[in-house]
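Asks: Structure file start06.cif, mmCIF, C-alpha atoms, is pasted below:
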```cif
data_entry
loop_
_atom_site.label_atom_id
_atom_site.label_comp_id
_atom_site.auth_asym_id
_atom_site.auth_seq_id
_atom_site.Cartn_x
_atom_site.Cartn_y
_atom_site.Cartn_z
CA MET A 1 196.36 114.93 -47.38
CA SER A 2 198.87 115.06 -44.54
CA SER A 3 197.13 115.43 -41.20
CA ARG A 4 199.18 117.14 -38.52
CA ALA A 5 198.60 115.94 -34.98
CA PRO A 6 198.71 118.56 -32.20
CA GLN A 7 202.33 119.06 -31.20
CA ASP A 8 203.17 119.39 -27.54
CA THR A 9 205.94 121.94 -27.80
CA GLY A 10 205.14 124.13 -24.80
CA HIS A 11 203.07 127.17 -25.71
CA HIS A 12 203.34 126.51 -29.47
CA ARG A 13 201.31 123.31 -29.30
CA LEU A 14 197.89 123.07 -30.90
CA TRP A 15 195.12 122.53 -28.33
CA SER A 16 192.02 120.49 -29.15
CA VAL A 17 188.55 121.99 -28.63
CA ASP A 18 187.87 119.48 -25.84
CA GLU A 19 191.16 120.21 -24.03
CA HIS A 20 190.51 123.96 -24.06
CA LEU A 21 186.92 123.53 -22.82
CA ALA A 22 188.07 121.17 -20.04
CA ASP A 23 190.69 123.74 -19.01
CA VAL A 24 188.05 126.51 -18.88
CA LEU A 25 185.56 124.42 -16.90
CA ALA A 26 188.24 123.26 -14.43
CA ALA A 27 188.86 126.90 -13.49
CA VAL A 28 185.19 127.89 -13.05
CA ARG A 29 183.47 127.36 -9.68
CA PRO A 30 179.72 127.78 -9.16
CA LEU A 31 178.86 131.13 -7.55
CA GLU A 32 178.05 131.25 -3.82
CA PRO A 33 174.33 130.87 -3.04
CA ILE A 34 172.25 133.89 -2.01
CA GLU A 35 168.65 134.41 -0.87
CA LEU A 36 166.59 136.19 -3.54
CA GLN A 37 163.03 137.45 -3.96
CA LEU A 38 161.01 135.14 -6.21
CA LEU A 39 161.08 137.22 -9.41
CA ASP A 40 164.78 137.99 -8.96
CA ALA A 41 165.41 134.23 -8.77
CA GLN A 42 163.92 133.51 -12.21
CA GLY A 43 166.39 131.52 -14.30
CA CYS A 44 168.52 130.69 -11.24
CA VAL A 45 169.35 127.24 -9.87
CA LEU A 46 167.80 126.22 -6.56
CA VAL A 47 170.41 125.11 -4.00
CA GLU A 48 168.12 123.42 -1.47
CA ASP A 49 165.06 121.18 -1.52
CA VAL A 50 161.83 123.12 -0.93
CA THR A 51 159.07 121.29 0.95
CA VAL A 52 155.40 122.24 1.05
CA PRO A 53 154.45 123.99 4.33
CA VAL A 54 150.69 124.02 3.62
CA ALA A 55 148.47 121.74 1.55
CA LEU A 56 147.29 123.04 -1.83
CA PRO A 57 144.49 123.86 -2.08
CA PRO A 58 144.38 124.60 1.69
CA PHE A 59 140.62 123.87 1.90
CA ASP A 60 137.91 122.05 -0.08
CA ASN A 61 136.77 124.55 -2.72
CA SER A 62 134.37 124.81 -5.61
CA SER A 63 135.56 124.25 -9.19
CA MET A 64 132.41 125.90 -10.60
CA ASP A 65 130.10 128.87 -10.14
CA GLY A 66 126.85 127.39 -8.81
CA TYR A 67 125.20 126.21 -5.62
CA ALA A 68 126.61 124.20 -2.71
CA VAL A 69 124.04 121.54 -1.80
CA ARG A 70 123.44 118.34 0.17
CA THR A 71 123.24 115.37 -2.22
CA ALA A 72 120.04 113.97 -0.61
CA ASP A 73 118.21 117.21 -1.44
CA VAL A 74 118.88 116.99 -5.20
CA GLN A 75 118.47 113.23 -5.64
CA GLY A 76 116.16 112.54 -8.60
CA ALA A 77 115.94 116.22 -9.56
CA SER A 78 115.00 116.90 -13.22
CA GLU A 79 113.81 119.81 -15.37
CA GLU A 80 110.27 118.54 -15.03
CA PHE A 81 110.57 117.96 -11.28
CA PRO A 82 113.27 120.34 -9.98
CA ALA A 83 114.48 120.28 -6.39
CA VAL A 84 113.44 123.59 -4.81
CA LEU A 85 115.98 124.75 -2.20
CA THR A 86 116.14 127.76 0.10
CA VAL A 87 119.24 129.91 -0.59
CA VAL A 88 120.89 130.78 2.74
CA GLY A 89 123.70 133.05 1.53
CA ASP A 90 126.58 133.80 -0.82
CA VAL A 91 130.06 132.24 -0.61
CA ALA A 92 132.68 134.18 -2.59
CA ALA A 93 136.38 133.34 -3.00
CA GLY A 94 138.11 134.63 0.11
CA SER A 95 134.98 134.29 2.28
CA GLY A 96 135.73 133.90 5.96
CA GLU A 97 132.32 133.49 7.68
CA LEU A 98 130.48 130.65 5.93
CA PRO A 99 126.76 129.86 6.10
CA THR A 100 125.89 126.30 7.17
CA VAL A 101 123.86 124.39 4.57
CA GLY A 102 121.07 122.43 6.29
CA PRO A 103 118.44 120.07 4.82
CA GLY A 104 116.49 121.71 1.99
CA GLN A 105 119.03 124.52 1.75
CA ALA A 106 121.74 125.71 -0.70
CA ALA A 107 124.40 128.44 -0.76
CA ARG A 108 125.33 130.41 -3.86
CA ILE A 109 129.06 129.67 -4.42
CA MET A 110 131.77 131.05 -6.71
CA THR A 111 134.72 129.21 -8.28
CA GLY A 112 137.58 128.87 -5.77
CA ALA A 113 135.37 129.64 -2.78
CA PRO A 114 135.47 127.31 0.25
CA VAL A 115 132.74 124.66 0.39
CA PRO A 116 130.51 125.65 3.35
CA PRO A 117 129.81 123.26 6.23
CA GLY A 118 126.94 120.85 5.57
CA ALA A 119 127.33 120.98 1.76
CA GLU A 120 128.47 117.76 0.02
CA ALA A 121 128.56 118.81 -3.66
CA VAL A 122 128.34 121.80 -5.98
CA VAL A 123 125.77 121.99 -8.78
CA PRO A 124 126.85 124.29 -11.65
CA VAL A 125 124.58 127.29 -12.19
CA GLU A 126 123.71 125.88 -15.67
CA TRP A 127 121.91 122.98 -13.89
CA THR A 128 119.64 125.47 -12.11
CA ASP A 129 117.33 128.43 -12.78
CA GLY A 130 119.90 130.73 -11.14
CA GLY A 131 117.31 131.75 -8.55
CA THR A 132 115.21 133.55 -11.15
CA GLY A 133 112.24 131.22 -11.12
CA GLY A 134 112.63 130.79 -14.89
CA GLY A 135 114.32 128.14 -17.06
CA ALA A 136 117.94 126.99 -17.06
CA ALA A 137 120.37 129.81 -16.25
CA SER A 138 123.37 130.55 -18.48
CA GLY A 139 125.28 132.35 -15.72
CA MET A 140 124.99 134.08 -12.41
CA THR A 141 123.67 137.58 -11.88
CA PRO A 142 126.56 139.61 -10.38
CA ALA A 143 126.34 140.00 -6.61
CA SER A 144 126.32 143.81 -6.93
CA ALA A 145 123.25 143.69 -9.22
CA ALA A 146 121.44 141.01 -7.22
CA PRO A 147 121.99 141.30 -3.47
CA GLU A 148 118.80 139.24 -3.15
CA GLY A 149 120.62 136.42 -5.09
CA GLY A 150 122.09 135.28 -1.78
CA ALA A 151 118.56 134.58 -0.52
CA GLY A 152 115.27 133.31 -1.91
CA GLU A 153 114.89 129.99 -3.74
CA VAL A 154 116.76 128.08 -6.43
CA ARG A 155 115.43 125.28 -8.63
CA VAL A 156 117.96 122.51 -9.32
CA HIS A 157 117.33 120.46 -12.50
CA ARG A 158 119.90 117.66 -12.08
CA ALA A 159 121.14 115.39 -9.31
CA ALA A 160 124.78 115.61 -8.11
CA GLU A 161 127.07 112.90 -6.74
CA ALA A 162 128.91 113.47 -3.48
CA ARG A 163 132.04 115.66 -3.99
CA ALA A 164 130.89 116.72 -7.48
CA HIS A 165 132.74 119.87 -8.61
CA VAL A 166 134.66 120.04 -5.34
CA ARG A 167 138.48 120.34 -5.42
CA ALA A 168 139.69 118.49 -2.34
CA ARG A 169 142.09 120.02 0.16
CA GLY A 170 145.63 118.84 -0.69
CA SER A 171 144.64 117.48 -4.14
CA ASP A 172 147.48 119.49 -5.72
CA VAL A 173 150.20 118.97 -3.08
CA GLN A 174 150.14 117.80 0.54
CA ALA A 175 151.95 119.53 3.39
CA GLY A 176 155.41 117.97 3.75
CA ASP A 177 155.65 116.97 0.07
CA LEU A 178 158.81 117.87 -1.86
CA ALA A 179 157.82 120.90 -3.95
CA LEU A 180 161.10 121.44 -5.84
CA ALA A 181 164.41 119.61 -5.60
CA ALA A 182 167.81 121.29 -5.29
CA GLY A 183 169.26 121.78 -8.78
CA THR A 184 165.93 122.86 -10.30
CA VAL A 185 166.13 125.84 -12.67
CA LEU A 186 163.39 128.29 -11.67
CA GLY A 187 161.15 129.08 -14.64
CA PRO A 188 157.65 130.63 -14.50
CA PRO A 189 155.80 127.44 -13.37
CA GLN A 190 158.33 126.85 -10.57
CA ILE A 191 158.05 130.50 -9.44
CA ALA A 192 154.24 130.03 -9.43
CA LEU A 193 154.51 126.96 -7.20
CA LEU A 194 156.84 128.74 -4.76
CA ALA A 195 154.40 131.66 -4.52
CA ALA A 196 151.43 129.29 -4.12
CA ILE A 197 153.03 127.58 -1.10
CA GLY A 198 153.83 130.95 0.46
CA ARG A 199 157.56 131.25 -0.23
CA GLY A 200 158.54 134.92 -0.68
CA THR A 201 162.27 134.27 -1.09
CA VAL A 202 164.37 131.31 -2.15
CA ARG A 203 168.03 130.25 -1.90
CA VAL A 204 169.71 130.03 -5.30
CA ARG A 205 172.98 130.52 -7.10
CA PRO A 206 172.78 134.02 -8.62
CA ARG A 207 172.94 134.75 -12.33
CA PRO A 208 176.58 135.33 -13.29
CA ARG A 209 177.54 138.90 -14.19
CA VAL A 210 179.32 138.80 -17.53
CA VAL A 211 181.16 141.84 -18.92
CA VAL A 212 181.73 141.84 -22.70
CA LEU A 213 184.45 144.14 -24.06
CA SER A 214 185.02 144.50 -27.80
CA THR A 215 188.35 145.93 -28.92
CA GLY A 216 189.29 147.74 -32.09
CA SER A 217 189.90 151.34 -33.09
CA GLU A 218 187.91 150.67 -36.28
CA LEU A 219 184.67 150.01 -34.39
CA VAL A 220 181.75 152.45 -34.37
CA GLN A 221 178.57 152.07 -32.27
CA PRO A 222 175.34 151.32 -34.18
CA GLY A 223 173.35 154.50 -34.75
CA GLU A 224 176.46 156.60 -35.38
CA ALA A 225 177.84 157.53 -38.82
CA LEU A 226 180.55 155.36 -40.38
CA ALA A 227 183.77 157.13 -41.40
CA ALA A 228 186.19 155.69 -43.97
CA GLY A 229 187.74 152.42 -42.78
CA THR A 230 185.33 151.90 -39.87
CA ILE A 231 182.72 149.19 -39.23
CA TYR A 232 179.88 148.79 -36.78
CA ASP A 233 180.61 146.96 -33.51
CA SER A 234 178.39 143.88 -33.77
CA ASN A 235 180.43 141.54 -31.54
CA SER A 236 179.72 143.25 -28.23
CA PHE A 237 175.99 143.14 -29.00
CA ALA A 238 176.08 139.52 -30.19
CA LEU A 239 178.02 138.29 -27.17
CA ALA A 240 176.09 140.34 -24.59
CA ALA A 241 172.85 138.94 -26.06
CA ALA A 242 174.32 135.42 -26.06
CA ALA A 243 175.41 135.81 -22.43
CA ARG A 244 171.90 136.91 -21.46
CA ASP A 245 170.45 134.00 -23.44
CA ALA A 246 172.71 131.62 -21.49
CA GLY A 247 171.26 132.92 -18.19
CA ALA A 248 173.72 135.68 -17.26
CA ILE A 249 173.32 139.36 -16.46
CA ALA A 250 175.31 140.97 -19.29
CA TYR A 251 177.16 144.27 -19.31
CA ARG A 252 178.40 145.54 -22.67
CA VAL A 253 181.48 147.74 -23.00
CA GLY A 254 181.65 148.78 -26.62
CA ALA A 255 184.80 149.34 -28.65
CA VAL A 256 187.90 149.83 -26.52
CA ALA A 257 190.62 151.44 -28.67
CA ASP A 258 193.67 149.44 -29.78
CA ASP A 259 195.91 150.49 -26.92
CA ALA A 260 197.19 148.06 -24.27
CA GLU A 261 197.13 150.58 -21.40
CA THR A 262 193.58 151.72 -22.23
CA LEU A 263 192.42 148.10 -22.35
CA ARG A 264 194.11 147.21 -19.04
CA ALA A 265 192.43 150.20 -17.40
CA ALA A 266 189.04 149.25 -18.90
CA ILE A 267 189.36 145.69 -17.58
CA GLU A 268 190.36 146.93 -14.11
CA ASP A 269 187.32 149.24 -14.09
CA GLN A 270 185.01 146.34 -14.95
CA LEU A 271 186.33 143.82 -12.40
CA VAL A 272 184.06 145.20 -9.68
CA ARG A 273 180.94 143.97 -11.51
CA ALA A 274 182.26 140.85 -13.27
CA ASP A 275 182.02 137.16 -12.42
CA LEU A 276 183.37 136.51 -15.93
CA LEU A 277 185.06 138.76 -18.50
CA VAL A 278 184.84 138.19 -22.25
CA THR A 279 186.95 140.15 -24.72
CA THR A 280 186.64 139.96 -28.46
CA GLY A 281 189.36 140.88 -30.96
CA GLY A 282 193.08 141.42 -30.59
CA VAL A 283 194.14 137.82 -29.90
CA SER A 284 195.92 136.88 -33.13
CA VAL A 285 199.54 137.51 -34.17
CA GLY A 286 199.30 141.01 -35.65
CA ALA A 287 201.13 144.10 -34.46
CA TYR A 288 197.89 145.61 -33.11
CA ASP A 289 196.61 142.61 -31.16
CA VAL A 290 196.21 144.56 -27.93
CA VAL A 291 194.32 141.99 -25.88
CA LYS A 292 197.32 139.72 -26.16
CA GLU A 293 199.71 142.56 -25.42
CA ALA A 294 197.70 143.81 -22.43
CA LEU A 295 197.02 140.43 -20.83
CA THR A 296 200.03 138.22 -21.46
CA ALA A 297 201.57 137.95 -17.99
CA ALA A 298 204.92 139.44 -19.06
CA GLY A 299 203.24 141.93 -21.37
CA THR A 300 205.01 140.37 -24.35
CA GLY A 301 205.72 136.94 -25.69
CA ASP A 302 203.55 134.26 -27.20
CA GLY A 303 201.57 133.14 -24.17
CA GLU A 304 203.38 131.09 -21.57
CA GLU A 305 201.26 128.87 -19.34
CA PRO A 306 199.34 131.38 -17.21
CA GLN A 307 200.90 132.60 -13.97
CA ALA A 308 198.54 133.34 -11.10
CA GLY A 309 196.36 135.96 -12.70
CA GLY A 310 197.81 135.55 -16.19
CA VAL A 311 196.09 134.79 -19.48
CA ASP A 312 197.35 132.05 -21.78
CA PHE A 313 196.99 132.64 -25.53
CA ARG A 314 196.65 129.46 -27.57
CA LYS A 315 196.06 128.09 -31.01
CA LEU A 316 193.18 125.61 -31.19
CA ALA A 317 192.70 122.86 -33.77
CA MET A 318 189.40 124.38 -34.91
CA GLN A 319 187.93 126.56 -37.66
CA PRO A 320 186.70 129.23 -37.20
CA GLY A 321 188.23 130.39 -33.92
CA LYS A 322 191.84 129.18 -33.96
CA PRO A 323 193.29 131.93 -31.69
CA GLN A 324 191.89 131.84 -28.13
CA GLY A 325 192.94 133.23 -24.78
CA PHE A 326 192.00 132.03 -21.32
CA GLY A 327 193.08 132.74 -17.77
CA THR A 328 192.23 134.80 -14.70
CA VAL A 329 192.74 138.48 -13.93
CA GLY A 330 192.56 140.78 -10.92
CA PRO A 331 192.76 140.17 -7.17
CA ASP A 332 189.81 137.72 -7.17
CA HIS A 333 191.21 135.71 -10.11
CA THR A 334 188.16 136.53 -12.25
CA PRO A 335 188.02 134.16 -15.25
CA LEU A 336 188.61 135.86 -18.61
CA LEU A 337 188.03 134.39 -22.06
CA ALA A 338 189.64 136.24 -24.97
CA LEU A 339 187.82 135.44 -28.22
CA PRO A 340 188.80 136.23 -31.82
CA GLY A 341 187.48 139.40 -33.45
CA ASN A 342 185.82 137.90 -36.54
CA PRO A 343 182.07 137.96 -35.83
CA VAL A 344 181.40 134.31 -36.64
CA SER A 345 184.61 133.13 -34.94
CA SER A 346 183.68 135.02 -31.79
CA TYR A 347 180.10 133.69 -31.76
CA VAL A 348 181.15 130.07 -32.37
CA SER A 349 183.83 130.45 -29.66
CA PHE A 350 181.19 131.84 -27.30
CA GLU A 351 178.88 128.87 -27.85
CA LEU A 352 181.70 126.33 -27.36
CA PHE A 353 183.55 127.89 -24.41
CA VAL A 354 181.82 130.91 -22.81
CA ARG A 355 178.28 129.56 -22.61
CA PRO A 356 179.47 126.41 -20.77
CA ALA A 357 181.49 128.63 -18.36
CA ILE A 358 178.37 130.75 -17.64
CA ARG A 359 176.24 127.64 -17.07
CA ALA A 360 178.89 126.16 -14.76
CA LEU A 361 178.97 129.41 -12.73
CA MET A 362 175.18 129.05 -12.38
CA GLY A 363 175.70 125.63 -10.81
CA LEU A 364 173.97 123.66 -13.57
CA PRO A 365 174.86 119.97 -13.87
CA PRO A 366 177.39 118.94 -16.59
CA SER A 367 174.55 117.61 -18.77
CA GLN A 368 173.07 121.15 -19.05
CA VAL A 369 176.32 123.08 -19.47
CA SER A 370 176.82 122.76 -23.24
CA ARG A 371 174.28 123.07 -26.04
CA PRO A 372 172.52 119.81 -26.94
CA SER A 373 173.72 118.00 -30.05
CA VAL A 374 172.04 115.49 -32.37
CA ARG A 375 173.08 113.33 -35.34
CA ALA A 376 171.74 114.50 -38.69
CA VAL A 377 172.27 113.65 -42.36
CA LEU A 378 174.02 116.27 -44.49
CA LYS A 379 171.78 117.67 -47.21
CA ALA A 380 173.95 119.60 -49.72
CA ASP A 381 174.50 120.00 -53.46
CA GLU A 382 178.20 119.16 -53.26
CA PRO A 383 180.74 117.70 -50.83
CA LEU A 384 181.88 119.94 -47.96
CA GLY A 385 185.61 120.55 -47.69
CA SER A 386 187.27 120.86 -44.29
CA PRO A 387 190.90 121.58 -43.32
CA ALA A 388 192.97 118.63 -42.11
CA ALA A 389 193.56 118.38 -38.34
CA ARG A 390 190.93 121.04 -37.62
CA ARG A 391 187.46 120.54 -36.16
CA GLN A 392 185.29 122.69 -38.39
CA PHE A 393 182.03 124.32 -37.31
CA LEU A 394 179.78 125.32 -40.22
CA ARG A 395 176.54 127.21 -39.89
CA GLY A 396 173.55 124.98 -40.59
CA LYS A 397 169.77 124.79 -40.81
CA TYR A 398 168.46 121.69 -39.03
CA ASP A 399 165.22 119.94 -40.05
CA PRO A 400 164.13 117.80 -37.09
CA ASP A 401 161.30 116.13 -39.05
CA ALA A 402 163.58 114.95 -41.85
CA GLY A 403 166.64 114.45 -39.60
CA THR A 404 168.76 116.48 -42.05
CA VAL A 405 170.99 119.53 -41.82
CA SER A 406 171.87 121.93 -44.66
CA PRO A 407 174.81 124.37 -44.71
CA VAL A 408 173.96 128.10 -44.62
CA GLY A 409 176.40 130.45 -46.38
CA GLY A 410 180.10 129.67 -46.85
CA SER A 411 182.83 128.87 -44.38
CA GLY A 412 184.16 132.47 -44.04
CA SER A 413 184.45 133.67 -40.45
CA HIS A 414 183.10 137.13 -41.35
CA LEU A 415 179.78 135.99 -42.89
CA ILE A 416 177.46 137.31 -40.20
CA ALA A 417 174.35 137.32 -42.46
CA ALA A 418 174.56 133.53 -42.78
CA LEU A 419 174.83 133.20 -39.00
CA ALA A 420 171.57 135.10 -38.54
CA HIS A 421 169.78 132.46 -40.65
CA ALA A 422 171.40 129.43 -38.98
CA ASP A 423 169.94 127.47 -36.06
CA SER A 424 172.78 124.98 -35.61
CA LEU A 425 176.48 124.28 -36.10
CA ILE A 426 177.54 121.38 -38.33
CA VAL A 427 180.59 119.67 -36.80
CA VAL A 428 183.18 118.20 -39.19
CA PRO A 429 185.71 116.10 -37.21
CA GLU A 430 189.47 116.78 -37.26
CA ASP A 431 190.32 113.68 -39.30
CA VAL A 432 187.82 114.42 -42.12
CA THR A 433 188.73 116.64 -45.09
CA SER A 434 185.67 116.06 -47.29
CA VAL A 435 182.06 115.22 -46.39
CA GLU A 436 179.74 113.74 -49.02
CA PRO A 437 176.03 114.64 -49.02
CA GLY A 438 174.12 111.90 -47.16
CA THR A 439 176.81 111.56 -44.48
CA GLU A 440 175.65 111.57 -40.85
CA LEU A 441 177.31 114.28 -38.74
CA GLU A 442 177.09 115.79 -35.27
CA VAL A 443 174.97 118.94 -35.17
CA VAL A 444 175.01 121.40 -32.26
CA LEU A 445 171.57 122.96 -31.79
CA LEU A 446 171.62 126.71 -31.10
CA GLY A 447 167.88 127.28 -30.59
#
```
Step by step, read the file and then write its structure as structure tokens.
Replies:
Amino acid sequence: MSSRAPQDTGHHRLWSVDEHLADVLAAVRPLEPIELQLLDAQGCVLVEDVTVPVALPPFDNSSMDGYAVRTADVQGASEEFPAVLTVVGDVAAGSGELPTVGPGQAARIMTGAPVPPGAEAVVPVEWTDGGTGGGAASGMTPASAAPEGGAGEVRVHRAAEARAHVRARGSDVQAGDLALAAGTVLGPPQIALLAAIGRGTVRVRPRPRVVVLSTGSELVQPGEALAAGTIYDSNSFALAAAARDAGAIAYRVGAVADDAETLRAAIEDQLVRADLLVTTGGVSVGAYDVVKEALTAAGTGDGEEPQAGGVDFRKLAMQPGKPQGFGTVGPDHTPLLALPGNPVSSYVSFELFVRPAIRALMGLPPSQVSRPSVRAVLKADEPLGSPAARRQFLRGKYDPDAGTVSPVGGSGSHLIAALAHADSLIVVPEDVTSVEPGTELEVVLLG
């Protein structure tokens, strides 16, 4: 097998996957930080350390429904010889005015309610008669049904240590502690912590706005009838969903006709809401490859190095996804990635180049920009063939328990059904033309 190294002959040279990705990432700058409401900041990256302004919990509170007592009053208490205490009031969560618990007294207390002055411990209601004068209680009578429950007597059947069932002030976090460090991605638990310490807004890098345009006069929107020679537009849906999955706000522009002027106008219309543009289709060498025609700086030619605001069309040493375009467009030099039109080629290209660009715009560290990869052993019935001097990406099913990966479907770049059943990409290096079962390979995890 003769393996052809990438030739550096100006715009005809073959780019490696890594060179193209490095070129994309070098042109992408994290978005400027903005202040957002908590729920709007979900999925965003924090740009400043957040410290705790108030201790959590802000006061000693009860971890049980029961009675707040002084430990001396319940020492030695048993079912046979219960401690009989006078109930001086109810303490509910959110109570402001608190009764003071003196010797021989108790206060009925609910979970989360502040421990009243004088009390040293909480006895769960199950350790008492619940104020009924009967045996052990299984729960408390609701306050609405038993206003007298905040008075009268309670029998306590077990002793309690000091601080029993009391959550101490500051036991979660202390005032002045670091709550969240800059660079943290805000998921539900982080949003909860911010709300708990009283933060209504937070300073983050916003989610990138990604506009996906699919091109092709043969494309019909799902839900409409197919005429002869037409197919459904799956790419714009796949890539918009993938952009959203990567953390972006995605806008889908379905099926722009194969006309360079129409496409240029569509792109200009979308620039106002785009931090990143993604096109799919029309990047190869055919007579109707309009993306190339519309975006090559001179309007013709085979993709010179991009001028300011030009897009460079390249051939990459990869399969699927050999034809790729990258550059910037419009007055703000908005990055644009032009992906091939074959569904699998476009999706693989998205995972390798667009997802990292989105994650870089979000301000994520380099370690979180690309999908994670692992080493796994190939499980297959026969050797896998791969073209010389091309890095091949095959759809795979990864078994983490066995440490194996199995190919799903063939190598065709149109086999979208196989893609739907894959959870990984099997990477066959450029210098390998055949892979025997049992060989260890790199596997990119898509889940």
Asks: Need to verify the contact set: region 396-410 of chain A, 7 Å, all atoms listed in the file, exclusion of same-chain residues closer than 5 positions in sequence. Can you return it as a ChimeraX atom specification?
Replies: /A:376-380,418,422-426
Asks: Write out as a list of chain:residue names each polymer residue whose atoms come within 12 Å of Pro189 (chain A), counting only C-alpha atoms; drop sequence neighbours fewer than 3 positions from it.
Replies: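 Result of the neighbour search: A:Leu38, A:Leu39, A:Gln42, A:Gly43, A:Ala179, A:Leu180, A:Thr184, A:Val185, A:Leu186, A:Ala192, A:Leu193, A:Leu194, A:Ala195, A:Ala196.
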Asks: Can you work out the spacing between CA of Asp259 (chain A) and CA of Gly282 (chain A) in Å, to one decimal?
Replies: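 For CA of Asp259 (chain A) relative to CA of Gly282 (chain A), the distance reads 10.2 Å.
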Asks: Report the distance between CA of Val374 (chain A) and CA of Val444 (chain A) in Å, rounded to one decimal place.
Replies: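 Straight-line distance from CA of Val374 (chain A) to CA of Val444 (chain A) works out to 6.6 Å.
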Asks: Could you spell out the hits of the PyMOL selection byres ((chain A and resi 202) around 9) on the shown file, as a PyMOL selection string?
Replies: chain A and resi 34-38+41+46-48+50+194+199-201+203-204
Asks: Which neighbours of Ala227 (chain A) fall inside 10 Å, counting all atoms listed in the file, when residues of the same chain fewer than 4 positions from it are skipped, and could you give them as a list in words?
Replies: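 What passes the distance filter is Glu218, Val220 and Ile231 of chain A.
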Asks: Using only C-alpha atoms for the distances, tell me which of A:Ala121, A:Ala151, A:Val84, A:Ala357 is nearest to Arg108 (chain A).
Replies: A:Ala151
Asks: Mind checking which residues fall within 9 Å of Val24 (chain A), counting only C-alpha atoms, ignoring those fewer than 2 positions away in the same chain, and posting them as a ChimeraX atom specification?
Replies: /A:19-22,26-28,326-327,335,337,353-354,356-357
